[in-house]
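Asker: I am attaching a structure below and will ask some questions about it afterwards.
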Amino acid sequence: MRHLLSTHDLSRADAIRILDTAEEMSAVNDREVKKLPALRGRTVVNLFFEDSTRTRISFEAAAKRLSADVINFAAKGSSVSKGESLKDTAQTLEAIGADAVVIRHPASGAAQRLATTDWISAAVVNAGDGTHEHPTQALLDAFTLRRHWAKLAGTPSGGTDLAGAKVTIVGDVLHSRVARSNVWLLTTLGAQVTLVAPPTLLPIGVEHWPCTVAYDFDEAIDAKPDAIMMLRVQAERMNASYFPSTGEYSRRWGLGDERFARLAELGLADTVILHPGPMVRGLEISSTAADSARSQVLRQVANGVSVRMAVLYLLLSSGLYAQDATAAHAKESAS
Amino acid sequence: MRRIVLSAGDIDRALTRIAHEILEANKGPEGLVLLGIPRRGYPLAVRLAAKLAAADPAVDPERIVGQLDITMFRDDLARQPTRPPARTVLPAGGIDDRVVVLVDDVLFSGRTIRAALDAIVDLGRPRSVRLAVLVDRGHRELPIRADHVGKNLPTSRAEKVRVRLAEVDAGAGFAEDLVAIESLPAQEEAR
């Protein structure tokens, strides 16, 4: 693995390797000295062209706990606002000596572009590109679910997948890179994914995705899911009206108090609620649901650091070896 | 070419002696913690703990054994293919103010032990740290020595020392423990 760009092309073995490594990393986060020397002397650049709270902080904490140096770059207040291109920004980072670039960008495919051009030689981690993918979010969701179910079963979570689990993803699928990354990753790991959304908020071609699609949230709850993942309504990406009113959206596709109470009525004691954040309380999720014992939201944030530590470690720890291997390969093909 | 230098019986007797040496040096089992280094140091630590318990009934083997992963502390991380880390498990009482005995199968360059010492510093402050190894094959690259050695094996750098333990290697066809020296093919050595 050189880069982490999407979960679409992530193999089951690689996914489980990341989750297992994250399991060991999480042990470090419980210790008094939350620091490992594995990436000493490496530089990780957080390149954020879009606003973010938890993803940027999470990547920063992850890199620092592995002893890497972190440079935070926000497009606001940088030369990007003077019209600098992605290429020039990337080459500046290359000149500074970045070993890894964590990039968030409003354009789908920005991370892919960085990774496949010769602009930089650093490892590229996609931290969200437009409405395409957000792989580390899907990995931390899978990690959270795997841990939850392992705990219920009383077995260690290492080495296991999510076979047989039913996960329902509800909300603005059209604009959600989190939903896309999760559909690919969770099905790779053996879970059954159901998407629930108003027809206007489903992308064209969703029928070809490896999941089922429903339009009625109540029927989806009757199917007794093991986990419900609520998505944020991404008002900032909506340039047209996709539903009549927020009141109607909330009534039909929000996890309000009534639907939350139905989980208990149906005897779904172990069904958990996930949300990638930031939550819009009162729209897609009620405060009762968000603050309940079912909610994994804060656990997701904590697990995010472990998963990102694992990703950075697996991409960066063998840096010199990878360079030698590439150099040897280049030499071979030249001769 | 493979030459077996320690049989299962030899290994068992060496561990019995090391267990008694540990008790003797520590003047009893007070404050002892055995930390095995994955992969093969850990089963050795478990066996040593059982032998300590057999020698002194005051020892609860479950409560003194731990596993110490040193992957993240290696000095050659960047020069090797990526290694997934293993688990670090400390005994319930932690390692603060304990006498930690590091346990590994082969002592060679000493770099693994250096990494282990760094890892220990991040976990607590033991009263002292000692080192027990099954085989010391020489060729140290750092000023490190073992306190308890199962067998000193003079080797050449071109040789490889293979330790096989039933707990780890039964799946690969080694139901019996052994320590063997393998020499590389002759033309390799001639180079």
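Scheme for the structure tokens: letters A, B, ... for chains in order shown; per-chain residue numbers from 1; ligand numbers from 1 in order shown.
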List the spatial neighbours of A:Gln192 as a PyMOL selection string - criterion: any atom at most 7 Å away, only C-alpha atoms, same-chain residues fewer than 2 positions off excluded.

Answerer: chain A and resi 164-167+187+190+194+211

Asker: Applying 6 Å and only C-alpha atoms, which residues near A:Thr43 remain after dropping the ones on its own chain fewer than 6 positions away? List them as a list in words.

Answerer: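 Surrounding residues, per the criterion: Ala68, Asp69, Val70, Ala98 and Asp99 of chain A.
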
Asker: Mind dumping the selected residues with N, CA and C atoms as a PDB file, in the first residue's frame?

Answerer:
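Once everything was written out, this is out-v8.pdb:
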ATOM      1  N   ALA A  68       5.624  11.952  14.553  1.00  0.00           N
ATOM      2  CA  ALA A  68       5.900  12.651  13.293  1.00  0.00           C
ATOM      3  C   ALA A  68       5.761  14.164  13.524  1.00  0.00           C
ATOM      4  N   ASP A  69       6.413  14.938  12.658  1.00  0.00           N
ATOM      5  CA  ASP A  69       6.206  16.389  12.694  1.00  0.00           C
ATOM      6  C   ASP A  69       4.983  16.703  11.845  1.00  0.00           C
ATOM      7  N   VAL A  70       4.167  17.632  12.310  1.00  0.00           N
ATOM      8  CA  VAL A  70       2.913  17.922  11.628  1.00  0.00           C
ATOM      9  C   VAL A  70       2.900  19.363  11.163  1.00  0.00           C
ATOM     10  N   ALA A  98       7.794  16.887   2.673  1.00  0.00           N
ATOM     11  CA  ALA A  98       6.686  16.144   3.290  1.00  0.00           C
ATOM     12  C   ALA A  98       6.788  14.666   2.940  1.00  0.00           C
ATOM     13  N   ASP A  99       6.599  13.794   3.953  1.00  0.00           N
ATOM     14  CA  ASP A  99       6.607  12.355   3.702  1.00  0.00           C
ATOM     15  C   ASP A  99       5.207  11.831   3.444  1.00  0.00           C
TER      16      ASP A  99
END

Asker: Residues near A:Met238, anyone? I mean within 12 Å using only C-alpha atoms, not counting same-chain ones fewer than 5 positions away, as an MDAnalysis selection string.

Answerer: chainID A and resid 131 172 174:176 200:201 233 243

Asker: Those same residues, written as a short mmCIF file (atom, residue, chain, number, x, y, z; two decimals), in the first residue's frame with all heavy atoms?

Answerer:
data_model
loop_
_atom_site.label_atom_id
_atom_site.label_comp_id
_atom_site.auth_asym_id
_atom_site.auth_seq_id
_atom_site.Cartn_x
_atom_site.Cartn_y
_atom_site.Cartn_z
N THR A 131 -17.63 14.66 -3.26
CA THR A 131 -18.66 13.70 -2.88
C THR A 131 -18.20 12.29 -3.26
O THR A 131 -19.00 11.41 -3.52
CB THR A 131 -20.00 13.99 -3.60
OG1 THR A 131 -19.76 13.96 -5.01
CG2 THR A 131 -20.53 15.36 -3.22
N ASP A 172 -28.63 11.86 3.51
CA ASP A 172 -28.19 12.50 2.27
C ASP A 172 -27.07 11.69 1.61
O ASP A 172 -25.90 12.07 1.67
CB ASP A 172 -27.72 13.92 2.64
CG ASP A 172 -27.28 14.72 1.41
OD1 ASP A 172 -27.33 14.17 0.30
OD2 ASP A 172 -26.91 15.89 1.59
N LEU A 174 -26.61 11.20 -1.55
CA LEU A 174 -26.13 11.84 -2.78
C LEU A 174 -24.85 12.62 -2.55
O LEU A 174 -23.90 12.52 -3.34
CB LEU A 174 -27.23 12.77 -3.32
CG LEU A 174 -26.87 13.58 -4.58
CD1 LEU A 174 -26.59 12.65 -5.74
CD2 LEU A 174 -28.00 14.54 -4.93
N HIS A 175 -24.80 13.41 -1.47
CA HIS A 175 -23.64 14.27 -1.25
C HIS A 175 -22.62 13.64 -0.31
O HIS A 175 -21.66 14.30 0.08
CB HIS A 175 -24.08 15.61 -0.67
CG HIS A 175 -24.98 16.37 -1.59
ND1 HIS A 175 -26.35 16.47 -1.39
CD2 HIS A 175 -24.73 17.05 -2.72
CE1 HIS A 175 -26.89 17.18 -2.36
NE2 HIS A 175 -25.94 17.54 -3.19
N SER A 176 -22.87 12.38 0.11
CA SER A 176 -22.06 11.85 1.20
C SER A 176 -20.92 10.96 0.72
O SER A 176 -21.13 9.87 0.21
CB SER A 176 -22.95 11.06 2.16
OG SER A 176 -22.13 10.52 3.18
N THR A 200 -34.69 11.83 -4.16
CA THR A 200 -33.92 12.95 -4.70
C THR A 200 -32.51 13.00 -4.13
O THR A 200 -31.64 13.67 -4.69
CB THR A 200 -34.60 14.28 -4.35
OG1 THR A 200 -34.91 14.28 -2.96
CG2 THR A 200 -35.86 14.48 -5.16
N LEU A 201 -32.26 12.32 -3.02
CA LEU A 201 -30.93 12.36 -2.40
C LEU A 201 -30.17 11.04 -2.60
O LEU A 201 -29.31 10.68 -1.81
CB LEU A 201 -31.04 12.70 -0.91
CG LEU A 201 -31.36 14.18 -0.62
CD1 LEU A 201 -31.52 14.41 0.87
CD2 LEU A 201 -30.28 15.10 -1.17
N VAL A 233 -27.35 16.23 6.61
CA VAL A 233 -27.91 16.85 5.41
C VAL A 233 -26.94 17.97 5.02
O VAL A 233 -26.73 18.93 5.75
CB VAL A 233 -29.30 17.44 5.69
CG1 VAL A 233 -29.83 18.16 4.45
CG2 VAL A 233 -30.25 16.34 6.10
N PHE A 243 -35.80 18.44 -0.97
CA PHE A 243 -36.99 18.00 -0.23
C PHE A 243 -37.78 19.26 0.14
O PHE A 243 -37.22 20.35 0.22
CB PHE A 243 -36.61 17.17 1.00
CG PHE A 243 -35.48 17.74 1.81
CD1 PHE A 243 -35.71 18.75 2.74
CD2 PHE A 243 -34.18 17.26 1.64
CE1 PHE A 243 -34.65 19.25 3.49
CE2 PHE A 243 -33.13 17.77 2.38
CZ PHE A 243 -33.36 18.78 3.31
#

Asker: Using 9 Å as the limit and counting only C-alpha atoms, can you tabulate each residue of chain A that touches chain B, with its shortest atom-to-atom distance in Å and the two atoms involved, as CSV?

Answerer:
residue,atom,partner,partner_atom,distance
A:Arg17,CA,B:Pro84,CA,7.6
A:Ile18,CA,B:Pro84,CA,8.8
A:Asp20,CA,B:Pro84,CA,8.3
A:Thr21,CA,B:Pro84,CA,6.1
A:Glu23,CA,B:Arg87,CA,8.7
A:Glu24,CA,B:Arg87,CA,5.9
A:Met25,CA,B:Pro85,CA,8.5
A:Ala27,CA,B:Thr88,CA,8.0
A:Arg31,CA,B:Leu123,CA,7.5
A:Glu32,CA,B:Leu123,CA,7.6
A:Val33,CA,B:Asp122,CA,5.8
A:Lys34,CA,B:Asp122,CA,8.4
A:Lys35,CA,B:Asp122,CA,7.9
A:Leu36,CA,B:Met72,CA,6.4
A:Pro37,CA,B:Phe73,CA,6.0
A:Ala38,CA,B:Met72,CA,4.7
A:Leu39,CA,B:Met72,CA,8.5
A:Leu66,CA,B:Met72,CA,8.7
A:Tyr313,CA,B:Thr82,CA,8.4
A:Leu314,CA,B:Thr82,CA,6.3
A:Leu315,CA,B:Thr82,CA,8.2
A:Leu316,CA,B:Ala78,CA,8.0
A:Ser317,CA,B:Ala78,CA,5.4
A:Ser318,CA,B:Ala78,CA,4.2
A:Gly319,CA,B:Ala78,CA,5.3
A:Leu320,CA,B:Ala78,CA,5.1
A:Tyr321,CA,B:Arg79,CA,4.5
A:Ala322,CA,B:Pro81,CA,7.5
A:Asp324,CA,B:Arg79,CA,8.4

Asker: Which residues are close to stretch 271-280 of chain A, i.e. within 9 Å by only C-alpha atoms, leaving aside same-chain residues fewer than 5 positions away? Reply as an NGL selection string.

Answerer: :A and (53-54 or 137 or 141 or 145 or 148 or 178 or 224-233 or 263 or 285-286 or 289-290 or 292-297 or 300-301)

Asker: If we count only C-alpha atoms and set the cut-off at 10 Å, which residues sit around A:Glu60, ignoring sequence neighbours fewer than 5 positions away in its own chain? Please answer as a ChimeraX atom specification.

Answerer: /A:44-46,54-55,65,68-72,102,305,308-309
